[in-house]
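Coordinates from target-v7.csv are shown below (CSV, N, CA and C atoms).
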```csv
chain,number,residue,atom,x,y,z
A,1,MET,N,75.9,103.3,91.8
A,1,MET,CA,76.9,104.1,92.4
A,1,MET,C,77.8,104.8,91.4
A,2,LEU,N,77.9,106.1,91.4
A,2,LEU,CA,78.6,106.9,90.4
A,2,LEU,C,80.1,106.7,90.6
A,3,PHE,N,80.6,106.7,91.8
A,3,PHE,CA,82.0,106.7,92.0
A,3,PHE,C,82.4,105.3,92.5
A,4,ASP,N,83.5,104.7,91.9
A,4,ASP,CA,84.0,103.4,92.2
A,4,ASP,C,85.1,103.5,93.3
A,5,THR,N,85.6,102.3,93.6
A,5,THR,CA,86.6,102.2,94.7
A,5,THR,C,87.8,103.0,94.3
A,6,THR,N,88.2,103.0,93.0
A,6,THR,CA,89.4,103.8,92.6
A,6,THR,C,89.2,105.3,92.9
A,7,GLN,N,88.0,105.8,92.5
A,7,GLN,CA,87.8,107.2,92.7
A,7,GLN,C,87.8,107.5,94.2
A,8,ASN,N,87.2,106.7,95.0
A,8,ASN,CA,87.1,106.9,96.4
A,8,ASN,C,88.5,106.8,97.0
A,9,ALA,N,89.4,105.9,96.5
A,9,ALA,CA,90.8,105.8,97.0
A,9,ALA,C,91.5,107.1,96.6
A,10,LEU,N,91.3,107.6,95.4
A,10,LEU,CA,92.0,108.8,95.0
A,10,LEU,C,91.6,110.0,95.9
A,11,GLU,N,90.3,110.1,96.3
A,11,GLU,CA,89.9,111.1,97.1
A,11,GLU,C,90.5,111.0,98.5
A,12,ALA,N,90.5,109.8,99.0
A,12,ALA,CA,91.2,109.5,100.3
A,12,ALA,C,92.7,109.8,100.3
A,13,ALA,N,93.3,109.5,99.2
A,13,ALA,CA,94.8,109.8,99.1
A,13,ALA,C,95.0,111.3,99.0
A,14,ILE,N,94.1,112.0,98.3
A,14,ILE,CA,94.3,113.5,98.3
A,14,ILE,C,94.1,114.1,99.7
A,15,SER,N,93.1,113.6,100.4
A,15,SER,CA,92.9,114.0,101.8
A,15,SER,C,94.1,113.7,102.7
A,16,GLY,N,94.6,112.5,102.6
A,16,GLY,CA,95.7,112.1,103.4
A,16,GLY,C,97.0,112.9,103.1
A,17,ALA,N,97.2,113.1,101.8
A,17,ALA,CA,98.4,113.9,101.4
A,17,ALA,C,98.3,115.3,101.8
A,18,ALA,N,97.1,115.9,101.8
A,18,ALA,CA,96.8,117.3,102.3
A,18,ALA,C,97.1,117.4,103.8
A,19,GLN,N,96.7,116.4,104.5
A,19,GLN,CA,96.9,116.4,106.0
A,19,GLN,C,98.4,116.2,106.2
A,20,ARG,N,99.1,115.4,105.5
A,20,ARG,CA,100.5,115.2,105.7
A,20,ARG,C,101.3,116.5,105.3
A,21,GLN,N,100.8,117.2,104.2
A,21,GLN,CA,101.4,118.4,103.8
A,21,GLN,C,101.4,119.5,105.0
A,22,GLN,N,100.2,119.5,105.6
A,22,GLN,CA,100.1,120.5,106.8
A,22,GLN,C,101.1,120.1,107.9
A,23,ALA,N,101.2,118.8,108.2
A,23,ALA,CA,102.1,118.4,109.2
A,23,ALA,C,103.6,118.7,108.9
A,24,LEU,N,103.9,118.4,107.6
A,24,LEU,CA,105.3,118.7,107.2
A,24,LEU,C,105.6,120.2,107.2
A,25,ALA,N,104.6,121.0,106.8
A,25,ALA,CA,104.8,122.5,106.8
A,25,ALA,C,104.9,123.0,108.2
A,26,ALA,N,104.2,122.4,109.1
A,26,ALA,CA,104.3,122.8,110.6
A,26,ALA,C,105.7,122.4,111.1
A,27,ASN,N,106.2,121.3,110.6
A,27,ASN,CA,107.6,121.0,111.1
A,27,ASN,C,108.6,122.0,110.6
A,28,LEU,N,108.5,122.4,109.4
A,28,LEU,CA,109.4,123.4,108.9
A,28,LEU,C,109.2,124.8,109.6
A,29,ALA,N,108.0,125.1,109.9
A,29,ALA,CA,107.7,126.3,110.6
A,29,ALA,C,108.3,126.4,112.0
A,30,ASN,N,108.5,125.2,112.5
A,30,ASN,CA,109.0,125.1,113.9
A,30,ASN,C,110.5,124.6,113.9
A,31,ALA,N,111.2,124.8,112.7
A,31,ALA,CA,112.6,124.4,112.6
A,31,ALA,C,113.5,124.9,113.7
A,32,ASN,N,113.2,126.1,114.1
A,32,ASN,CA,114.1,126.8,115.1
A,32,ASN,C,113.5,126.8,116.5
A,33,THR,N,112.5,126.0,116.7
A,33,THR,CA,111.8,125.9,118.0
A,33,THR,C,112.6,124.9,118.9
A,34,PRO,N,113.2,125.3,120.0
A,34,PRO,CA,113.9,124.4,120.8
A,34,PRO,C,113.0,123.3,121.4
A,35,GLY,N,113.4,122.0,121.3
A,35,GLY,CA,112.7,120.9,121.8
A,35,GLY,C,111.6,120.4,120.9
A,36,TYR,N,111.4,121.0,119.8
A,36,TYR,CA,110.3,120.6,118.9
A,36,TYR,C,110.5,119.2,118.4
A,37,GLN,N,109.5,118.4,118.4
A,37,GLN,CA,109.5,117.0,117.9
A,37,GLN,C,108.7,117.0,116.7
A,38,ARG,N,109.3,116.5,115.6
A,38,ARG,CA,108.6,116.5,114.3
A,38,ARG,C,107.3,115.6,114.4
A,39,VAL,N,106.4,115.9,113.5
A,39,VAL,CA,105.2,115.2,113.4
A,39,VAL,C,105.0,114.7,112.0
A,40,ASP,N,104.2,113.7,111.8
A,40,ASP,CA,104.0,113.1,110.4
A,40,ASP,C,102.7,112.5,110.3
A,41,VAL,N,102.2,112.2,109.1
A,41,VAL,CA,101.0,111.5,108.9
A,41,VAL,C,101.3,110.4,107.9
A,42,ASP,N,101.1,109.2,108.4
A,42,ASP,CA,101.4,108.0,107.6
A,42,ASP,C,100.0,107.6,107.0
A,43,PHE,N,99.6,108.3,105.9
A,43,PHE,CA,98.3,108.0,105.3
A,43,PHE,C,98.4,106.8,104.4
A,44,HIS,N,99.6,106.4,104.0
A,44,HIS,CA,99.7,105.2,103.1
A,44,HIS,C,99.3,104.0,103.8
A,45,SER,N,99.6,103.8,105.1
A,45,SER,CA,99.2,102.6,105.8
A,45,SER,C,97.7,102.5,106.0
A,46,SER,N,97.1,103.7,106.4
A,46,SER,CA,95.7,103.7,106.6
A,46,SER,C,94.9,103.4,105.3
A,47,LEU,N,95.5,104.0,104.2
A,47,LEU,CA,94.8,103.8,102.9
A,47,LEU,C,95.0,102.3,102.5
A,48,ALA,N,96.1,101.8,102.7
A,48,ALA,CA,96.3,100.3,102.3
A,48,ALA,C,95.4,99.4,103.1
A,49,ALA,N,95.2,99.7,104.4
A,49,ALA,CA,94.4,98.9,105.3
A,49,ALA,C,92.9,99.0,104.8
A,50,ALA,N,92.5,100.2,104.5
A,50,ALA,CA,91.1,100.4,104.0
A,50,ALA,C,90.9,99.7,102.7
A,51,LEU,N,91.9,99.8,101.8
A,51,LEU,CA,91.7,99.1,100.5
A,51,LEU,C,91.8,97.6,100.7
A,52,GLY,N,92.4,97.1,101.7
A,52,GLY,CA,92.6,95.7,101.9
A,52,GLY,C,91.4,95.1,102.7
A,53,SER,N,90.5,95.9,103.2
A,53,SER,CA,89.4,95.4,104.0
A,53,SER,C,88.3,94.8,103.1
A,54,GLU,N,87.4,94.1,103.7
A,54,GLU,CA,86.4,93.3,102.9
A,54,GLU,C,85.5,94.3,102.2
A,55,ASP,N,85.1,95.4,102.8
A,55,ASP,CA,84.3,96.4,102.1
A,55,ASP,C,85.1,97.7,101.9
A,56,ALA,N,86.0,97.6,100.9
A,56,ALA,CA,86.9,98.8,100.7
A,56,ALA,C,86.2,100.1,100.5
A,57,GLY,N,85.1,100.0,99.7
A,57,GLY,CA,84.3,101.2,99.4
A,57,GLY,C,83.9,101.9,100.7
A,58,GLU,N,83.3,101.2,101.6
A,58,GLU,CA,82.8,101.8,102.9
A,58,GLU,C,84.0,102.2,103.7
A,59,ALA,N,85.0,101.4,103.8
A,59,ALA,CA,86.2,101.7,104.6
A,59,ALA,C,86.9,103.0,104.1
A,60,LEU,N,86.9,103.2,102.8
A,60,LEU,CA,87.5,104.4,102.3
A,60,LEU,C,86.7,105.7,102.7
A,61,HIS,N,85.4,105.6,102.9
A,61,HIS,CA,84.6,106.7,103.3
A,61,HIS,C,84.9,107.1,104.8
A,62,SER,N,85.3,106.1,105.6
A,62,SER,CA,85.5,106.4,107.0
A,62,SER,C,87.0,106.3,107.4
A,63,VAL,N,87.9,106.3,106.5
A,63,VAL,CA,89.3,106.2,106.8
A,63,VAL,C,89.8,107.5,107.5
A,64,LYS,N,90.6,107.3,108.6
A,64,LYS,CA,91.1,108.4,109.3
A,64,LYS,C,92.6,108.4,109.2
A,65,PHE,N,93.2,109.5,109.1
A,65,PHE,CA,94.7,109.7,109.1
A,65,PHE,C,95.1,110.4,110.3
A,66,ASN,N,96.0,109.7,111.1
A,66,ASN,CA,96.4,110.2,112.4
A,66,ASN,C,97.8,110.9,112.3
A,67,THR,N,97.9,112.1,112.9
A,67,THR,CA,99.1,112.8,113.0
A,67,THR,C,99.9,112.2,114.2
A,68,THR,N,101.1,111.8,114.0
A,68,THR,CA,101.9,111.2,115.1
A,68,THR,C,103.2,111.9,115.3
A,69,VAL,N,103.7,111.9,116.5
A,69,VAL,CA,105.0,112.5,116.8
A,69,VAL,C,106.0,111.4,116.5
A,70,ASP,N,107.0,111.9,115.7
A,70,ASP,CA,108.1,111.0,115.3
A,70,ASP,C,109.3,111.3,116.1
A,71,SER,N,109.6,110.5,117.1
A,71,SER,CA,110.7,110.8,118.0
A,71,SER,C,112.0,110.1,117.5
A,72,ALA,N,111.9,109.4,116.4
A,72,ALA,CA,113.1,108.7,115.9
A,72,ALA,C,114.0,109.8,115.2
A,73,GLY,N,115.2,109.5,115.1
A,73,GLY,CA,116.1,110.4,114.5
A,73,GLY,C,117.0,111.1,115.5
A,74,ALA,N,118.0,111.7,115.0
A,74,ALA,CA,119.0,112.4,115.8
A,74,ALA,C,118.4,113.6,116.5
A,75,THR,N,118.7,113.8,117.7
A,75,THR,CA,118.3,115.0,118.4
A,75,THR,C,119.4,116.0,118.4
A,76,ARG,N,119.0,117.3,118.0
A,76,ARG,CA,120.0,118.3,117.9
A,76,ARG,C,120.3,118.8,119.3
A,77,ALA,N,121.3,119.7,119.4
A,77,ALA,CA,121.7,120.3,120.7
A,77,ALA,C,120.5,121.0,121.4
A,78,ASP,N,119.6,121.6,120.6
A,78,ASP,CA,118.5,122.3,121.2
A,78,ASP,C,117.3,121.4,121.6
A,79,GLY,N,117.5,120.1,121.4
A,79,GLY,CA,116.4,119.2,121.7
A,79,GLY,C,115.5,118.9,120.6
A,80,SER,N,115.6,119.5,119.5
A,80,SER,CA,114.7,119.3,118.4
A,80,SER,C,115.1,118.1,117.6
A,81,SER,N,114.2,117.4,117.0
A,81,SER,CA,114.5,116.2,116.2
A,81,SER,C,114.3,116.4,114.7
A,82,LEU,N,114.3,117.7,114.3
A,82,LEU,CA,114.0,118.1,113.0
A,82,LEU,C,115.3,118.3,112.1
A,83,ASP,N,115.3,117.7,111.0
A,83,ASP,CA,116.3,117.9,109.9
A,83,ASP,C,115.7,118.6,108.8
A,84,VAL,N,116.0,119.9,108.7
A,84,VAL,CA,115.4,120.8,107.7
A,84,VAL,C,115.5,120.3,106.3
A,85,ASP,N,116.7,119.8,105.9
A,85,ASP,CA,116.9,119.3,104.5
A,85,ASP,C,116.0,118.0,104.3
A,86,ALA,N,115.9,117.1,105.2
A,86,ALA,CA,115.1,115.9,105.0
A,86,ALA,C,113.6,116.3,105.0
A,87,GLU,N,113.3,117.2,105.8
A,87,GLU,CA,111.9,117.7,105.9
A,87,GLU,C,111.4,118.3,104.6
A,88,SER,N,112.3,119.1,104.0
A,88,SER,CA,112.0,119.8,102.8
A,88,SER,C,111.9,118.8,101.7
A,89,ALA,N,112.7,117.8,101.7
A,89,ALA,CA,112.6,116.7,100.6
A,89,ALA,C,111.2,116.0,100.8
A,90,LYS,N,110.9,115.7,102.0
A,90,LYS,CA,109.6,115.0,102.2
A,90,LYS,C,108.4,115.9,101.8
A,91,LEU,N,108.5,117.2,102.1
A,91,LEU,CA,107.5,118.1,101.7
A,91,LEU,C,107.3,118.1,100.2
A,92,ALA,N,108.4,118.2,99.5
A,92,ALA,CA,108.4,118.2,98.0
A,92,ALA,C,107.8,116.9,97.4
A,93,ALA,N,108.3,115.8,97.9
A,93,ALA,CA,107.8,114.5,97.5
A,93,ALA,C,106.3,114.3,97.7
A,94,ASN,N,105.8,114.8,98.9
A,94,ASN,CA,104.4,114.7,99.2
A,94,ASN,C,103.6,115.6,98.3
A,95,ALA,N,104.1,116.8,98.0
A,95,ALA,CA,103.4,117.7,97.1
A,95,ALA,C,103.2,117.1,95.7
A,96,LEU,N,104.2,116.4,95.2
A,96,LEU,CA,104.1,115.7,93.9
A,96,LEU,C,103.1,114.6,94.0
A,97,GLU,N,103.1,113.8,95.1
A,97,GLU,CA,102.1,112.8,95.2
A,97,GLU,C,100.7,113.3,95.3
A,98,HIS,N,100.5,114.4,96.0
A,98,HIS,CA,99.2,115.0,96.1
A,98,HIS,C,98.8,115.5,94.7
A,99,GLN,N,99.7,116.2,94.0
A,99,GLN,CA,99.4,116.7,92.7
A,99,GLN,C,99.0,115.6,91.7
A,100,THR,N,99.7,114.5,91.8
A,100,THR,CA,99.4,113.4,90.9
A,100,THR,C,98.0,112.8,91.1
A,101,ALA,N,97.7,112.6,92.4
A,101,ALA,CA,96.4,112.1,92.7
A,101,ALA,C,95.3,113.0,92.3
A,102,VAL,N,95.5,114.3,92.4
A,102,VAL,CA,94.5,115.3,92.0
A,102,VAL,C,94.3,115.2,90.4
A,103,GLN,N,95.4,115.1,89.7
A,103,GLN,CA,95.4,115.1,88.3
A,103,GLN,C,94.6,113.8,87.8
A,104,VAL,N,94.9,112.7,88.4
A,104,VAL,CA,94.3,111.4,88.0
A,104,VAL,C,92.8,111.5,88.4
A,105,ALA,N,92.4,112.0,89.5
A,105,ALA,CA,91.0,112.2,89.9
A,105,ALA,C,90.3,113.1,88.9
A,106,HIS,N,90.9,114.2,88.6
A,106,HIS,CA,90.3,115.2,87.6
A,106,HIS,C,90.1,114.5,86.2
A,107,ALA,N,91.1,113.7,85.8
A,107,ALA,CA,90.9,113.0,84.5
A,107,ALA,C,89.8,112.1,84.5
A,108,ARG,N,89.7,111.3,85.6
A,108,ARG,CA,88.6,110.3,85.8
A,108,ARG,C,87.2,111.0,85.8
A,109,ILE,N,87.1,112.2,86.4
A,109,ILE,CA,85.9,112.9,86.4
A,109,ILE,C,85.6,113.5,85.0
A,110,GLY,N,86.6,113.9,84.3
A,110,GLY,CA,86.4,114.3,82.9
A,110,GLY,C,85.9,113.2,82.0
A,111,ILE,N,86.3,112.0,82.2
A,111,ILE,CA,85.8,110.9,81.5
A,111,ILE,C,84.4,110.6,81.8
A,112,LEU,N,84.0,110.7,83.1
A,112,LEU,CA,82.6,110.5,83.4
A,112,LEU,C,81.7,111.6,82.8
A,113,LYS,N,82.2,112.9,82.8
A,113,LYS,CA,81.4,114.0,82.2
A,113,LYS,C,81.2,113.7,80.7
A,114,ALA,N,82.3,113.3,80.1
A,114,ALA,CA,82.2,113.0,78.6
A,114,ALA,C,81.2,111.9,78.4
A,115,ALA,N,81.3,110.9,79.2
A,115,ALA,CA,80.3,109.7,79.0
A,115,ALA,C,78.9,110.1,79.2
A,116,MET,N,78.7,111.1,80.1
A,116,MET,CA,77.3,111.6,80.4
A,116,MET,C,76.9,112.7,79.4
A,117,GLY,N,77.8,113.1,78.5
A,117,GLY,CA,77.5,114.1,77.5
A,117,GLY,C,77.4,115.5,78.0
A,118,THR,N,78.0,115.8,79.2
A,118,THR,CA,78.0,117.1,79.8
A,118,THR,C,79.2,117.9,79.5
A,119,GLY,N,80.2,117.4,78.7
A,119,GLY,CA,81.4,118.1,78.4
A,119,GLY,C,82.5,117.8,79.4
A,120,ALA,N,83.7,118.0,78.9
A,120,ALA,CA,84.8,117.7,79.8
A,120,ALA,C,85.4,118.9,80.5
```
Before we go any further, please render this structure as structure tokens.
Amino acid sequence: MLFDTTQNALEAAISGAAQRQQALAANLANANTPGYQRVDVDFHSSLAAALGSEDAGEALHSVKFNTTVDSAGATRADGSSLDVDAESAKLAANALEHQTAVQVAHARIGILKAAMGTGA
């Protein structure tokens, strides 16, 4: 097997962070939509469950990240549950997490290429 559990976990984390980025961006796009309820993707829990399973390698290939409606939090006068400042901070933090996972995965692939003699 060319890729190990760590590489598979990185790929799953990248996918989960990308899905969360889309959800957070949709929240910001709907900041002025009356009655809008924010959505989120808790990919960390799904990823942790997959990694904790007996066959983590297989679980990581089939892990699913669900978008959920987050009804917690204060509701504004227009019925929306969105705090633009908090959402922007979550978007920025998630982007950094995604970027970090991509960089680590890229470095690991570079190491594999160098070991195979195909260049980095």
Counting only N, CA and C atoms, what is within 5 Å of region 30-42 of chain A, bar same-chain residues fewer than 6 positions away, as a compact mmCIF listing (two decimals) with N, CA and C atoms, keeping the file's coordinate frame?
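As written to disk, part.txt reads:
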```txt
# COMPACT_ATOMS: atom_id res chain seq x y z
N ARG A 20 99.10 115.40 105.50
CA ARG A 20 100.50 115.20 105.70
C ARG A 20 101.30 116.50 105.30
N ASN A 66 96.00 109.70 111.10
CA ASN A 66 96.40 110.20 112.40
C ASN A 66 97.80 110.90 112.30
N THR A 67 97.90 112.10 112.90
CA THR A 67 99.10 112.80 113.00
C THR A 67 99.90 112.20 114.20
N THR A 68 101.10 111.80 114.00
CA THR A 68 101.90 111.20 115.10
C THR A 68 103.20 111.90 115.30
N VAL A 69 103.70 111.90 116.50
CA VAL A 69 105.00 112.50 116.80
C VAL A 69 106.00 111.40 116.50
N ASP A 70 107.00 111.90 115.70
CA ASP A 70 108.10 111.00 115.30
C ASP A 70 109.30 111.30 116.10
N ASP A 78 119.60 121.60 120.60
CA ASP A 78 118.50 122.30 121.20
C ASP A 78 117.30 121.40 121.60
N GLY A 79 117.50 120.10 121.40
CA GLY A 79 116.40 119.20 121.70
C GLY A 79 115.50 118.90 120.60
N SER A 80 115.60 119.50 119.50
CA SER A 80 114.70 119.30 118.40
C SER A 80 115.10 118.10 117.60
N SER A 81 114.20 117.40 117.00
CA SER A 81 114.50 116.20 116.20
C SER A 81 114.30 116.40 114.70
```
**Q.** Option closest in space to Leu10 (chain A), from A:Ser45, A:Ala105, A:Ala114, A:Asn94 [counting all atoms listed in the file]
**A.**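 Once distances to Leu10 (chain A) are computed over all atoms listed in the file, the minimum belongs to A:Ala105.
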**Q.** Long-range neighbours of Phe3 (chain A) as a list of chain:residue names, 10 Å cut-off, only C-alpha atoms, 6 positions minimum in chain
**A.**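 The residues that qualify are A:Gly57, A:Arg108, A:Ile109, A:Leu112.
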Q) To one decimal place, how far is atom N of Asp4 (chain A) from atom N of Glu58 (chain A) in Å? A)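 So the answer is 10.3 Å.
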Q.
I need the helix (DSSP H, G or I) residues of chain A per DSSP on the backbone, written as a ChimeraX atom specification.
A. /A:5-29,43-52,56-62,84-116
Q. Within 8 Å of region 85-89 of chain A, counting only N, CA and C atoms, which residues qualify if same-chain residues fewer than 5 places away don't, as a PyMOL selection string?
A. chain A and resi 24-25+27-28+94-95
Q: Quote the spacing between atom N of Thr6 (chain A) and atom N of Ala56 (chain A) in Å to one decimal place.
A: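 A separation of 9.8 Å between them.
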Q. Between A:Gln21, A:Gln103, A:Thr75, A:Asn8, which has the minimum distance to Leu47 (chain A) (counting only C-alpha atoms)?
A.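 The answer is A:Asn8, which sits nearest to Leu47 (chain A).
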Q | Atomic separation - atom C of Gln7 (chain A) relative to atom C of Lys64 (chain A), Å | A |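 Atom-to-atom, atom C of Lys64 (chain A) and atom C of Gln7 (chain A) are spaced 15.8 Å apart.
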Name the residues in contact with Ala50 (chain A) at a cut-off of 7 Å, using only C-alpha atoms, excluding same-chain residues fewer than 4 positions from it; report them as a PDB file with N, CA and C atoms, keeping the file's coordinate frame.
```pdb
ATOM      1  N   SER A  46      97.100 103.700 106.400  1.00  0.00           N
ATOM      2  CA  SER A  46      95.700 103.700 106.600  1.00  0.00           C
ATOM      3  C   SER A  46      94.900 103.400 105.300  1.00  0.00           C
ATOM      4  N   ALA A  56      86.000  97.600 100.900  1.00  0.00           N
ATOM      5  CA  ALA A  56      86.900  98.800 100.700  1.00  0.00           C
ATOM      6  C   ALA A  56      86.200 100.100 100.500  1.00  0.00           C
ATOM      7  N   ALA A  59      85.000 101.400 103.800  1.00  0.00           N
ATOM      8  CA  ALA A  59      86.200 101.700 104.600  1.00  0.00           C
ATOM      9  C   ALA A  59      86.900 103.000 104.100  1.00  0.00           C
ATOM     10  N   LEU A  60      86.900 103.200 102.800  1.00  0.00           N
ATOM     11  CA  LEU A  60      87.500 104.400 102.300  1.00  0.00           C
ATOM     12  C   LEU A  60      86.700 105.700 102.700  1.00  0.00           C
ATOM     13  N   VAL A  63      87.900 106.300 106.500  1.00  0.00           N
ATOM     14  CA  VAL A  63      89.300 106.200 106.800  1.00  0.00           C
ATOM     15  C   VAL A  63      89.800 107.500 107.500  1.00  0.00           C
TER      16      VAL A  63
END
```
